[in-house]
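What follows is a short report on a single structure.
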Amino acid sequence: MSAKQWLVGDFEAGDLALVSGETLYSARLRYHRIGELNAPKDNLILLPTYYGGAAAGNHPWVGSTSPLDPDRCCIVIPTLLGAGESSSPSNTPGEQSGPGFPAVSLYDNVMLQKRLLAEVFGDAQIALVMGWSMGGMQALQWGCLYPEQVRAVLATCCTARCHPHNQVFLEGVKAALTCDQAFEDGRYRTPPERGLRAFGRVYAGWAYSQAFFRHELWRDLGFDSIEDLLQFWEQDHLGQDANDLLTVLNTWQRGDISDNPMFDKDYEAALSAITMPTRVMPGSADLYFTEADARDDSRRMPGANVEPLNSDWGHLAGGGGAGREAASHKRILAAARALLSGQAS
């Protein structure tokens, strides 16, 4: 194993103009990095984070036996605005705390990440931008905005925008959280625990497929019953801030790689700008980032190849760096290895 250690940094960006017209005051981007940038500045790998995930959730992708090897690459994990590590409702003081936090888009996140790379990493070339779920949406956003800087894209269990049924799913979990009287329109004095528990339980039914439950694959995660699994989801969400969850959910729900000044909502143009080697890996049983939507998006990306993750694990087939489903985890790393070695097909 590499002896290199993860380093945690905060990029202080000052007042950040957002695409909505609002300004995020004293914006801060938390990031993790491991490995060193080489002299040509062409060995940087970017791993944006996913919904509900901290930077450490991407650590397991990285290691000496992985193509994401810190002895050969400089690996950077920028965290989503609103998710609790970078500027978020839960850690922003004053008028932008809690429900006063402004709406943030995929574009806002990537533009801030672009500044991080320019000011801290010498505007290095990106050998690979790789992500799961919202991390994959950010990877595709990078690909269309900066095709001259990004050499390859790997996007798992995601699409280039939040398609209609995905939006409806998110409305359901949002309603489960906000109907708790203790939520108080985001001005809660104590955490809205009933709402957070309900959010977790509803979400669990979408995160996995029907076959996951039919075949009792939750046993592979160490649970003795479905109720044990649901209680795990409850506890996980009790550890998160409700306004943070809703802020990033809004970023996801409004997610569209063409919704920015460069493409002015021309979705076809944004997709067609992704010309670099791109591997799109939808989950075959994903209930909200569906394989059909991912294939439809990919047909309009000149550099894209589609490689479905044939798995009963639903959305979590590509799940974070934790590799919840081992076979899919191996296939994703194999795709990363191929892209980094220049094998586009």
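Each chain of the structure tokens is named A, B, ... in the order shown, its residues numbered from 1; ligands are numbered from 1 in display order.
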
Next on the checklist: as a PyMOL selection string, please: the residues near segment 23-33 of chain A (cut-off 9 Å, only C-alpha atoms, same-chain neighbours under 5 positions excluded).
Outcome noted: chain A and resi 5-18+55-56+74-81+85-87+92+96+101-102+104+112-113+116

Include N, CA, C and O atoms and write out the residues we just selected as a short mmCIF file (atom, residue, chain, number, x, y, z; two decimals), in the first residue's frame.
```cif
data_model
loop_
_atom_site.label_atom_id
_atom_site.label_comp_id
_atom_site.auth_asym_id
_atom_site.auth_seq_id
_atom_site.Cartn_x
_atom_site.Cartn_y
_atom_site.Cartn_z
N GLN A 5 -0.68 10.01 2.38
CA GLN A 5 -1.84 10.28 3.22
C GLN A 5 -2.75 11.31 2.56
O GLN A 5 -2.30 12.18 1.81
N TRP A 6 -4.04 11.21 2.86
CA TRP A 6 -4.97 12.20 2.38
C TRP A 6 -4.74 13.53 3.10
O TRP A 6 -4.55 13.56 4.32
N LEU A 7 -4.76 14.60 2.35
CA LEU A 7 -4.65 15.94 2.89
C LEU A 7 -5.98 16.64 2.67
O LEU A 7 -6.62 16.47 1.62
N VAL A 8 -6.41 17.43 3.65
CA VAL A 8 -7.68 18.15 3.57
C VAL A 8 -7.39 19.64 3.44
O VAL A 8 -6.60 20.19 4.21
N GLY A 9 -8.00 20.26 2.46
CA GLY A 9 -7.81 21.68 2.25
C GLY A 9 -9.13 22.42 2.10
O GLY A 9 -10.16 21.83 1.79
N ASP A 10 -9.07 23.72 2.33
CA ASP A 10 -10.23 24.60 2.11
C ASP A 10 -9.81 25.69 1.14
O ASP A 10 -8.86 26.45 1.40
N PHE A 11 -10.50 25.76 0.01
CA PHE A 11 -10.26 26.82 -0.96
C PHE A 11 -11.24 27.95 -0.66
O PHE A 11 -12.45 27.79 -0.79
N GLU A 12 -10.71 29.07 -0.22
CA GLU A 12 -11.53 30.22 0.13
C GLU A 12 -11.74 31.07 -1.12
O GLU A 12 -10.79 31.67 -1.65
N ALA A 13 -12.97 31.10 -1.60
CA ALA A 13 -13.25 31.69 -2.92
C ALA A 13 -13.81 33.10 -2.84
O ALA A 13 -14.05 33.71 -3.88
N GLY A 14 -14.04 33.63 -1.64
CA GLY A 14 -14.67 34.94 -1.53
C GLY A 14 -16.13 34.87 -1.92
O GLY A 14 -16.75 33.80 -1.89
N ASP A 15 -16.69 36.01 -2.28
CA ASP A 15 -18.10 36.04 -2.67
C ASP A 15 -18.25 35.43 -4.06
O ASP A 15 -17.59 35.84 -5.02
N LEU A 16 -19.13 34.42 -4.15
CA LEU A 16 -19.27 33.63 -5.37
C LEU A 16 -20.58 33.97 -6.07
O LEU A 16 -21.67 33.74 -5.53
N ALA A 17 -20.47 34.51 -7.27
CA ALA A 17 -21.67 34.79 -8.07
C ALA A 17 -22.22 33.48 -8.60
O ALA A 17 -21.49 32.68 -9.19
N LEU A 18 -23.51 33.25 -8.40
CA LEU A 18 -24.16 32.01 -8.81
C LEU A 18 -24.96 32.25 -10.09
O LEU A 18 -25.38 33.37 -10.38
N ALA A 55 -16.41 13.61 1.32
CA ALA A 55 -15.22 13.33 0.50
C ALA A 55 -14.65 11.95 0.79
O ALA A 55 -14.22 11.23 -0.11
N ALA A 56 -14.67 11.56 2.07
CA ALA A 56 -14.10 10.26 2.45
C ALA A 56 -14.84 9.10 1.79
O ALA A 56 -14.29 8.01 1.67
N CYS A 74 -2.19 12.48 -9.04
CA CYS A 74 -2.64 13.45 -8.04
C CYS A 74 -4.17 13.39 -8.06
O CYS A 74 -4.79 13.70 -9.08
N ILE A 75 -4.76 12.96 -6.98
CA ILE A 75 -6.19 12.70 -6.93
C ILE A 75 -6.84 13.74 -6.02
O ILE A 75 -6.43 13.94 -4.87
N VAL A 76 -7.86 14.41 -6.55
CA VAL A 76 -8.52 15.51 -5.85
C VAL A 76 -10.02 15.20 -5.76
O VAL A 76 -10.65 14.86 -6.76
N ILE A 77 -10.56 15.33 -4.55
CA ILE A 77 -11.99 15.11 -4.32
C ILE A 77 -12.60 16.44 -3.85
O ILE A 77 -12.43 16.83 -2.69
N PRO A 78 -13.29 17.16 -4.73
CA PRO A 78 -13.99 18.38 -4.31
C PRO A 78 -15.39 18.02 -3.81
O PRO A 78 -16.09 17.20 -4.40
N THR A 79 -15.81 18.62 -2.72
CA THR A 79 -17.11 18.28 -2.15
C THR A 79 -18.18 19.25 -2.61
O THR A 79 -17.93 20.44 -2.83
N LEU A 80 -19.39 18.74 -2.73
CA LEU A 80 -20.52 19.54 -3.20
C LEU A 80 -20.84 20.71 -2.27
O LEU A 80 -20.84 20.56 -1.04
N LEU A 81 -21.11 21.84 -2.85
CA LEU A 81 -21.66 22.95 -2.08
C LEU A 81 -23.00 22.52 -1.49
O LEU A 81 -23.83 21.90 -2.17
N GLU A 85 -19.68 19.93 4.07
CA GLU A 85 -18.23 20.12 4.20
C GLU A 85 -17.81 21.45 3.56
O GLU A 85 -17.17 22.28 4.21
N SER A 86 -18.13 21.65 2.29
CA SER A 86 -17.98 22.98 1.69
C SER A 86 -19.07 23.89 2.28
O SER A 86 -19.86 23.48 3.13
N SER A 87 -19.12 25.13 1.82
CA SER A 87 -20.16 26.05 2.31
C SER A 87 -21.53 25.40 2.19
O SER A 87 -21.89 24.86 1.13
N THR A 92 -22.84 27.88 7.43
CA THR A 92 -22.74 29.26 6.96
C THR A 92 -23.42 30.18 7.97
O THR A 92 -24.57 29.96 8.34
N GLN A 96 -27.41 33.74 5.44
CA GLN A 96 -27.42 32.61 4.51
C GLN A 96 -27.33 31.27 5.22
O GLN A 96 -27.13 30.23 4.57
N PHE A 101 -29.84 29.80 2.69
CA PHE A 101 -28.75 29.44 1.79
C PHE A 101 -29.24 29.51 0.35
O PHE A 101 -30.33 29.03 0.04
N PRO A 102 -28.47 30.10 -0.56
CA PRO A 102 -28.95 30.26 -1.94
C PRO A 102 -28.95 28.95 -2.72
O PRO A 102 -28.25 28.00 -2.38
N VAL A 104 -27.97 26.42 -5.53
CA VAL A 104 -26.69 26.16 -6.18
C VAL A 104 -26.91 25.15 -7.31
O VAL A 104 -27.66 24.18 -7.14
N LEU A 112 -16.69 26.54 -9.53
CA LEU A 112 -15.86 26.69 -8.34
C LEU A 112 -14.72 25.69 -8.34
O LEU A 112 -13.58 26.02 -7.98
N GLN A 113 -14.98 24.47 -8.77
CA GLN A 113 -13.93 23.46 -8.89
C GLN A 113 -12.88 23.89 -9.92
O GLN A 113 -11.68 23.66 -9.73
N LEU A 116 -10.58 26.20 -8.25
CA LEU A 116 -9.66 25.44 -7.40
C LEU A 116 -8.50 24.91 -8.22
O LEU A 116 -7.33 25.07 -7.84
#
```

Next on the checklist: So that I can check the surroundings of Trp313 of chain A, please list as a PyMOL selection string every protein, DNA and RNA residue that reaches within 12 Å of it, counting only C-alpha atoms and ignoring chain neighbours fewer than 5 positions away.
Outcome noted: chain A and resi 157+204-218+220-221+282-287+318-319+323-329

Checklist entry - Rounded to one decimal in Å, what is the spacing between atom CA of Leu106 of chain A and atom CA of Thr178 of chain A? => result 23.4 Å

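The neighbours of Pro89 of chain A here are the residues that come within 8 Å of it, using only C-alpha atoms and leaving out any residue fewer than 3 positions away in the same chain; they are Gly82, Gly84, Thr92, Gln96, Ser97, Gly98, Pro99, Gly100, Phe101, Asn243, Asp244 and Thr247 of chain A.
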
Name the residues of segment 182-345 of chain A that come out as alpha helix (DSSP H) in a backbone DSSP run; write them as a PDB file with N, CA and C atoms, in the first residue's frame.
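selection01.pdb was written with the following content:
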```pdb
ATOM      1  N   GLU A 193     -36.457  15.003  13.531  1.00  0.00           N
ATOM      2  CA  GLU A 193     -36.079  13.593  13.503  1.00  0.00           C
ATOM      3  C   GLU A 193     -37.095  12.720  12.783  1.00  0.00           C
ATOM      4  N   ARG A 194     -38.371  12.966  12.986  1.00  0.00           N
ATOM      5  CA  ARG A 194     -39.372  12.147  12.292  1.00  0.00           C
ATOM      6  C   ARG A 194     -39.234  12.297  10.782  1.00  0.00           C
ATOM      7  N   GLY A 195     -39.026  13.514  10.334  1.00  0.00           N
ATOM      8  CA  GLY A 195     -38.864  13.755   8.907  1.00  0.00           C
ATOM      9  C   GLY A 195     -37.611  13.110   8.351  1.00  0.00           C
ATOM     10  N   LEU A 196     -36.518  13.185   9.096  1.00  0.00           N
ATOM     11  CA  LEU A 196     -35.265  12.570   8.656  1.00  0.00           C
ATOM     12  C   LEU A 196     -35.395  11.047   8.591  1.00  0.00           C
ATOM     13  N   ARG A 197     -36.063  10.472   9.591  1.00  0.00           N
ATOM     14  CA  ARG A 197     -36.276   9.017   9.566  1.00  0.00           C
ATOM     15  C   ARG A 197     -37.144   8.623   8.364  1.00  0.00           C
ATOM     16  N   ALA A 198     -38.200   9.390   8.132  1.00  0.00           N
ATOM     17  CA  ALA A 198     -39.076   9.089   6.997  1.00  0.00           C
ATOM     18  C   ALA A 198     -38.331   9.236   5.680  1.00  0.00           C
ATOM     19  N   PHE A 199     -37.510  10.265   5.568  1.00  0.00           N
ATOM     20  CA  PHE A 199     -36.702  10.476   4.368  1.00  0.00           C
ATOM     21  C   PHE A 199     -35.852   9.240   4.089  1.00  0.00           C
ATOM     22  N   GLY A 200     -35.175   8.734   5.116  1.00  0.00           N
ATOM     23  CA  GLY A 200     -34.317   7.567   4.950  1.00  0.00           C
ATOM     24  C   GLY A 200     -35.084   6.327   4.536  1.00  0.00           C
ATOM     25  N   ARG A 201     -36.238   6.111   5.163  1.00  0.00           N
ATOM     26  CA  ARG A 201     -37.033   4.909   4.834  1.00  0.00           C
ATOM     27  C   ARG A 201     -37.569   4.965   3.400  1.00  0.00           C
ATOM     28  N   VAL A 202     -38.075   6.125   3.004  1.00  0.00           N
ATOM     29  CA  VAL A 202     -38.589   6.241   1.639  1.00  0.00           C
ATOM     30  C   VAL A 202     -37.464   6.080   0.625  1.00  0.00           C
ATOM     31  N   TYR A 203     -36.330   6.699   0.906  1.00  0.00           N
ATOM     32  CA  TYR A 203     -35.195   6.648  -0.014  1.00  0.00           C
ATOM     33  C   TYR A 203     -34.716   5.207  -0.215  1.00  0.00           C
ATOM     34  N   ALA A 204     -34.708   4.409   0.839  1.00  0.00           N
ATOM     35  CA  ALA A 204     -34.203   3.029   0.748  1.00  0.00           C
ATOM     36  C   ALA A 204     -34.972   2.220  -0.284  1.00  0.00           C
ATOM     37  N   GLY A 205     -36.255   2.488  -0.430  1.00  0.00           N
ATOM     38  CA  GLY A 205     -37.055   1.757  -1.397  1.00  0.00           C
ATOM     39  C   GLY A 205     -36.729   2.093  -2.835  1.00  0.00           C
ATOM     40  N   TRP A 206     -36.089   3.222  -3.052  1.00  0.00           N
ATOM     41  CA  TRP A 206     -35.671   3.648  -4.387  1.00  0.00           C
ATOM     42  C   TRP A 206     -34.214   3.309  -4.674  1.00  0.00           C
ATOM     43  N   ALA A 207     -33.386   3.271  -3.654  1.00  0.00           N
ATOM     44  CA  ALA A 207     -31.947   3.098  -3.856  1.00  0.00           C
ATOM     45  C   ALA A 207     -31.601   1.714  -4.389  1.00  0.00           C
ATOM     46  N   GLN A 210     -36.158  -3.913  -7.065  1.00  0.00           N
ATOM     47  CA  GLN A 210     -37.104  -4.904  -6.558  1.00  0.00           C
ATOM     48  C   GLN A 210     -36.411  -6.253  -6.347  1.00  0.00           C
ATOM     49  N   ALA A 211     -35.523  -6.613  -7.283  1.00  0.00           N
ATOM     50  CA  ALA A 211     -34.832  -7.902  -7.186  1.00  0.00           C
ATOM     51  C   ALA A 211     -33.891  -7.948  -5.988  1.00  0.00           C
ATOM     52  N   PHE A 212     -33.348  -6.799  -5.603  1.00  0.00           N
ATOM     53  CA  PHE A 212     -32.490  -6.743  -4.416  1.00  0.00           C
ATOM     54  C   PHE A 212     -33.236  -7.261  -3.198  1.00  0.00           C
ATOM     55  N   PHE A 213     -34.490  -6.840  -3.057  1.00  0.00           N
ATOM     56  CA  PHE A 213     -35.284  -7.284  -1.918  1.00  0.00           C
ATOM     57  C   PHE A 213     -35.821  -8.700  -2.133  1.00  0.00           C
ATOM     58  N   ARG A 214     -36.201  -9.019  -3.364  1.00  0.00           N
ATOM     59  CA  ARG A 214     -36.728 -10.353  -3.646  1.00  0.00           C
ATOM     60  C   ARG A 214     -35.695 -11.433  -3.325  1.00  0.00           C
ATOM     61  N   ILE A 226     -35.084  -6.831   6.555  1.00  0.00           N
ATOM     62  CA  ILE A 226     -35.328  -5.560   5.878  1.00  0.00           C
ATOM     63  C   ILE A 226     -35.464  -4.432   6.897  1.00  0.00           C
ATOM     64  N   GLU A 227     -36.084  -4.733   8.028  1.00  0.00           N
ATOM     65  CA  GLU A 227     -36.225  -3.705   9.061  1.00  0.00           C
ATOM     66  C   GLU A 227     -34.863  -3.216   9.543  1.00  0.00           C
ATOM     67  N   ASP A 228     -33.904  -4.124   9.682  1.00  0.00           N
ATOM     68  CA  ASP A 228     -32.551  -3.707  10.076  1.00  0.00           C
ATOM     69  C   ASP A 228     -31.963  -2.750   9.042  1.00  0.00           C
ATOM     70  N   LEU A 229     -32.177  -3.058   7.766  1.00  0.00           N
ATOM     71  CA  LEU A 229     -31.688  -2.186   6.699  1.00  0.00           C
ATOM     72  C   LEU A 229     -32.346  -0.817   6.782  1.00  0.00           C
ATOM     73  N   LEU A 230     -33.654  -0.785   7.002  1.00  0.00           N
ATOM     74  CA  LEU A 230     -34.357   0.488   7.083  1.00  0.00           C
ATOM     75  C   LEU A 230     -33.910   1.309   8.288  1.00  0.00           C
ATOM     76  N   GLN A 231     -33.645   0.642   9.393  1.00  0.00           N
ATOM     77  CA  GLN A 231     -33.144   1.368  10.564  1.00  0.00           C
ATOM     78  C   GLN A 231     -31.754   1.946  10.299  1.00  0.00           C
ATOM     79  N   PHE A 232     -30.949   1.234   9.525  1.00  0.00           N
ATOM     80  CA  PHE A 232     -29.647   1.783   9.125  1.00  0.00           C
ATOM     81  C   PHE A 232     -29.832   3.069   8.329  1.00  0.00           C
ATOM     82  N   TRP A 233     -30.772   3.061   7.380  1.00  0.00           N
ATOM     83  CA  TRP A 233     -31.030   4.265   6.589  1.00  0.00           C
ATOM     84  C   TRP A 233     -31.558   5.397   7.471  1.00  0.00           C
ATOM     85  N   GLU A 234     -32.380   5.069   8.436  1.00  0.00           N
ATOM     86  CA  GLU A 234     -32.838   6.092   9.384  1.00  0.00           C
ATOM     87  C   GLU A 234     -31.657   6.730  10.112  1.00  0.00           C
ATOM     88  N   GLN A 235     -30.801   5.893  10.674  1.00  0.00           N
ATOM     89  CA  GLN A 235     -29.682   6.405  11.461  1.00  0.00           C
ATOM     90  C   GLN A 235     -28.733   7.233  10.609  1.00  0.00           C
ATOM     91  N   ASP A 236     -28.523   6.793   9.382  1.00  0.00           N
ATOM     92  CA  ASP A 236     -27.637   7.541   8.480  1.00  0.00           C
ATOM     93  C   ASP A 236     -28.186   8.941   8.238  1.00  0.00           C
ATOM     94  N   HIS A 237     -29.488   9.060   8.066  1.00  0.00           N
ATOM     95  CA  HIS A 237     -30.055  10.374   7.788  1.00  0.00           C
ATOM     96  C   HIS A 237     -30.237  11.215   9.043  1.00  0.00           C
ATOM     97  N   LEU A 238     -30.363  10.587  10.193  1.00  0.00           N
ATOM     98  CA  LEU A 238     -30.376  11.356  11.435  1.00  0.00           C
ATOM     99  C   LEU A 238     -29.055  12.077  11.667  1.00  0.00           C
ATOM    100  N   ALA A 242     -30.979  18.615   7.812  1.00  0.00           N
ATOM    101  CA  ALA A 242     -32.119  18.620   6.889  1.00  0.00           C
ATOM    102  C   ALA A 242     -31.969  19.681   5.808  1.00  0.00           C
ATOM    103  N   ASN A 243     -31.530  20.874   6.161  1.00  0.00           N
ATOM    104  CA  ASN A 243     -31.372  21.915   5.144  1.00  0.00           C
ATOM    105  C   ASN A 243     -30.250  21.580   4.164  1.00  0.00           C
ATOM    106  N   ASP A 244     -29.199  20.923   4.635  1.00  0.00           N
ATOM    107  CA  ASP A 244     -28.148  20.472   3.720  1.00  0.00           C
ATOM    108  C   ASP A 244     -28.717  19.468   2.724  1.00  0.00           C
ATOM    109  N   LEU A 245     -29.477  18.489   3.229  1.00  0.00           N
ATOM    110  CA  LEU A 245     -30.073  17.486   2.339  1.00  0.00           C
ATOM    111  C   LEU A 245     -30.936  18.138   1.269  1.00  0.00           C
ATOM    112  N   LEU A 246     -31.731  19.113   1.661  1.00  0.00           N
ATOM    113  CA  LEU A 246     -32.643  19.739   0.717  1.00  0.00           C
ATOM    114  C   LEU A 246     -31.924  20.650  -0.270  1.00  0.00           C
ATOM    115  N   THR A 247     -30.854  21.287   0.165  1.00  0.00           N
ATOM    116  CA  THR A 247     -30.082  22.144  -0.744  1.00  0.00           C
ATOM    117  C   THR A 247     -29.475  21.316  -1.868  1.00  0.00           C
ATOM    118  N   VAL A 248     -28.844  20.198  -1.515  1.00  0.00           N
ATOM    119  CA  VAL A 248     -28.209  19.378  -2.550  1.00  0.00           C
ATOM    120  C   VAL A 248     -29.269  18.649  -3.369  1.00  0.00           C
ATOM    121  N   LEU A 249     -30.386  18.287  -2.743  1.00  0.00           N
ATOM    122  CA  LEU A 249     -31.487  17.696  -3.498  1.00  0.00           C
ATOM    123  C   LEU A 249     -31.976  18.681  -4.562  1.00  0.00           C
ATOM    124  N   ASN A 250     -32.031  19.947  -4.230  1.00  0.00           N
ATOM    125  CA  ASN A 250     -32.445  20.960  -5.198  1.00  0.00           C
ATOM    126  C   ASN A 250     -31.445  21.065  -6.348  1.00  0.00           C
ATOM    127  N   THR A 251     -30.136  20.980  -6.027  1.00  0.00           N
ATOM    128  CA  THR A 251     -29.114  20.987  -7.069  1.00  0.00           C
ATOM    129  C   THR A 251     -29.320  19.806  -8.016  1.00  0.00           C
ATOM    130  N   TRP A 252     -29.582  18.655  -7.447  1.00  0.00           N
ATOM    131  CA  TRP A 252     -29.822  17.435  -8.223  1.00  0.00           C
ATOM    132  C   TRP A 252     -31.094  17.578  -9.064  1.00  0.00           C
ATOM    133  N   GLN A 253     -32.187  17.997  -8.425  1.00  0.00           N
ATOM    134  CA  GLN A 253     -33.478  18.050  -9.100  1.00  0.00           C
ATOM    135  C   GLN A 253     -33.444  19.025 -10.274  1.00  0.00           C
ATOM    136  N   TYR A 267     -29.743  21.498 -24.740  1.00  0.00           N
ATOM    137  CA  TYR A 267     -29.284  20.192 -24.228  1.00  0.00           C
ATOM    138  C   TYR A 267     -28.514  19.416 -25.292  1.00  0.00           C
ATOM    139  N   GLU A 268     -28.974  19.471 -26.527  1.00  0.00           N
ATOM    140  CA  GLU A 268     -28.285  18.772 -27.615  1.00  0.00           C
ATOM    141  C   GLU A 268     -26.861  19.296 -27.763  1.00  0.00           C
ATOM    142  N   ALA A 269     -26.687  20.601 -27.687  1.00  0.00           N
ATOM    143  CA  ALA A 269     -25.359  21.190 -27.840  1.00  0.00           C
ATOM    144  C   ALA A 269     -24.443  20.788 -26.691  1.00  0.00           C
ATOM    145  N   ALA A 270     -24.979  20.756 -25.482  1.00  0.00           N
ATOM    146  CA  ALA A 270     -24.155  20.374 -24.327  1.00  0.00           C
ATOM    147  C   ALA A 270     -23.697  18.927 -24.452  1.00  0.00           C
ATOM    148  N   LEU A 271     -24.606  18.033 -24.829  1.00  0.00           N
ATOM    149  CA  LEU A 271     -24.230  16.626 -24.992  1.00  0.00           C
ATOM    150  C   LEU A 271     -23.203  16.459 -26.110  1.00  0.00           C
ATOM    151  N   SER A 272     -23.388  17.162 -27.188  1.00  0.00           N
ATOM    152  CA  SER A 272     -22.486  16.998 -28.330  1.00  0.00           C
ATOM    153  C   SER A 272     -21.097  17.563 -28.071  1.00  0.00           C
ATOM    154  N   GLU A 291     -31.266   3.182 -17.115  1.00  0.00           N
ATOM    155  CA  GLU A 291     -30.416   2.819 -18.249  1.00  0.00           C
ATOM    156  C   GLU A 291     -30.957   3.440 -19.539  1.00  0.00           C
ATOM    157  N   ALA A 292     -32.270   3.441 -19.716  1.00  0.00           N
ATOM    158  CA  ALA A 292     -32.858   4.002 -20.940  1.00  0.00           C
ATOM    159  C   ALA A 292     -32.514   5.483 -21.088  1.00  0.00           C
ATOM    160  N   ASP A 293     -32.637   6.256 -19.995  1.00  0.00           N
ATOM    161  CA  ASP A 293     -32.302   7.681 -20.064  1.00  0.00           C
ATOM    162  C   ASP A 293     -30.814   7.874 -20.320  1.00  0.00           C
ATOM    163  N   ALA A 294     -29.973   7.076 -19.670  1.00  0.00           N
ATOM    164  CA  ALA A 294     -28.532   7.198 -19.859  1.00  0.00           C
ATOM    165  C   ALA A 294     -28.135   6.863 -21.299  1.00  0.00           C
ATOM    166  N   ARG A 295     -28.751   5.841 -21.873  1.00  0.00           N
ATOM    167  CA  ARG A 295     -28.454   5.483 -23.268  1.00  0.00           C
ATOM    168  C   ARG A 295     -28.891   6.601 -24.218  1.00  0.00           C
ATOM    169  N   ASP A 296     -30.043   7.175 -23.947  1.00  0.00           N
ATOM    170  CA  ASP A 296     -30.533   8.250 -24.805  1.00  0.00           C
ATOM    171  C   ASP A 296     -29.596   9.450 -24.760  1.00  0.00           C
ATOM    172  N   ASP A 297     -29.137   9.813 -23.568  1.00  0.00           N
ATOM    173  CA  ASP A 297     -28.147  10.888 -23.446  1.00  0.00           C
ATOM    174  C   ASP A 297     -26.869  10.543 -24.215  1.00  0.00           C
ATOM    175  N   SER A 298     -26.387   9.325 -24.025  1.00  0.00           N
ATOM    176  CA  SER A 298     -25.078   8.926 -24.550  1.00  0.00           C
ATOM    177  C   SER A 298     -25.046   8.900 -26.073  1.00  0.00           C
ATOM    178  N   ALA A 326     -19.429  -5.764  -5.163  1.00  0.00           N
ATOM    179  CA  ALA A 326     -18.033  -5.984  -5.537  1.00  0.00           C
ATOM    180  C   ALA A 326     -17.833  -6.143  -7.037  1.00  0.00           C
ATOM    181  N   ALA A 327     -18.725  -6.879  -7.707  1.00  0.00           N
ATOM    182  CA  ALA A 327     -18.532  -7.123  -9.134  1.00  0.00           C
ATOM    183  C   ALA A 327     -18.601  -5.820  -9.930  1.00  0.00           C
ATOM    184  N   SER A 328     -19.569  -4.957  -9.601  1.00  0.00           N
ATOM    185  CA  SER A 328     -19.678  -3.675 -10.291  1.00  0.00           C
ATOM    186  C   SER A 328     -18.498  -2.779  -9.971  1.00  0.00           C
ATOM    187  N   HIS A 329     -18.060  -2.808  -8.723  1.00  0.00           N
ATOM    188  CA  HIS A 329     -16.902  -2.016  -8.319  1.00  0.00           C
ATOM    189  C   HIS A 329     -15.690  -2.371  -9.183  1.00  0.00           C
ATOM    190  N   LYS A 330     -15.457  -3.653  -9.406  1.00  0.00           N
ATOM    191  CA  LYS A 330     -14.329  -4.097 -10.230  1.00  0.00           C
ATOM    192  C   LYS A 330     -14.482  -3.635 -11.668  1.00  0.00           C
ATOM    193  N   ARG A 331     -15.704  -3.689 -12.201  1.00  0.00           N
ATOM    194  CA  ARG A 331     -15.928  -3.259 -13.572  1.00  0.00           C
ATOM    195  C   ARG A 331     -15.704  -1.763 -13.734  1.00  0.00           C
ATOM    196  N   ILE A 332     -16.090  -0.989 -12.736  1.00  0.00           N
ATOM    197  CA  ILE A 332     -15.872   0.456 -12.794  1.00  0.00           C
ATOM    198  C   ILE A 332     -14.383   0.775 -12.780  1.00  0.00           C
ATOM    199  N   LEU A 333     -13.638   0.099 -11.924  1.00  0.00           N
ATOM    200  CA  LEU A 333     -12.191   0.332 -11.883  1.00  0.00           C
ATOM    201  C   LEU A 333     -11.525  -0.128 -13.176  1.00  0.00           C
ATOM    202  N   ALA A 334     -12.030  -1.205 -13.779  1.00  0.00           N
ATOM    203  CA  ALA A 334     -11.487  -1.651 -15.064  1.00  0.00           C
ATOM    204  C   ALA A 334     -11.731  -0.590 -16.136  1.00  0.00           C
ATOM    205  N   ALA A 335     -12.905   0.035 -16.110  1.00  0.00           N
ATOM    206  CA  ALA A 335     -13.201   1.105 -17.063  1.00  0.00           C
ATOM    207  C   ALA A 335     -12.283   2.299 -16.837  1.00  0.00           C
ATOM    208  N   ALA A 336     -12.038   2.642 -15.576  1.00  0.00           N
ATOM    209  CA  ALA A 336     -11.115   3.739 -15.270  1.00  0.00           C
ATOM    210  C   ALA A 336      -9.718   3.426 -15.786  1.00  0.00           C
ATOM    211  N   ARG A 337      -9.280   2.191 -15.606  1.00  0.00           N
ATOM    212  CA  ARG A 337      -7.956   1.781 -16.087  1.00  0.00           C
ATOM    213  C   ARG A 337      -7.861   1.920 -17.601  1.00  0.00           C
ATOM    214  N   ALA A 338      -8.913   1.484 -18.300  1.00  0.00           N
ATOM    215  CA  ALA A 338      -8.921   1.575 -19.761  1.00  0.00           C
ATOM    216  C   ALA A 338      -8.878   3.023 -20.228  1.00  0.00           C
ATOM    217  N   LEU A 339      -9.659   3.881 -19.600  1.00  0.00           N
ATOM    218  CA  LEU A 339      -9.664   5.280 -19.984  1.00  0.00           C
ATOM    219  C   LEU A 339      -8.323   5.949 -19.724  1.00  0.00           C
ATOM    220  N   LEU A 340      -7.704   5.632 -18.600  1.00  0.00           N
ATOM    221  CA  LEU A 340      -6.418   6.241 -18.265  1.00  0.00           C
ATOM    222  C   LEU A 340      -5.304   5.741 -19.174  1.00  0.00           C
TER     223      LEU A 340
END
```

Item to check | Residue nearest Thr278 of chain A - candidates A:Thr156, A:Thr290, A:Asn43, A:Ser105, atoms counted: only C-alpha atoms | outcome: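 The closest residue to Thr278 of chain A is A:Thr156.
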
Next on the checklist: To one decimal place in Å, what is the distance between atom CA of Glu307 of chain A and atom CA of Ala152 of chain A?
Outcome noted: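 That distance, rounded to one decimal, is 15.1 Å.
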
Quick one: which segment 213-303 of chain A residues come within 8 Å of segment 133-141 of chain A, and what is the nearest atom pair for each with the distance in Å to one decimal, counting only C-alpha atoms, rows ordered by chain and ascending number, as JSON lines?
```
{"residue": "A:Trp252", "atom": "CA", "partner": "A:Met134", "partner_atom": "CA", "distance": 6.8}
{"residue": "A:Gly255", "atom": "CA", "partner": "A:Met137", "partner_atom": "CA", "distance": 7.8}
{"residue": "A:Ile257", "atom": "CA", "partner": "A:Gln141", "partner_atom": "CA", "distance": 5.2}
{"residue": "A:Ile274", "atom": "CA", "partner": "A:Leu140", "partner_atom": "CA", "distance": 7.5}
{"residue": "A:Phe289", "atom": "CA", "partner": "A:Ser133", "partner_atom": "CA", "distance": 7.9}
```
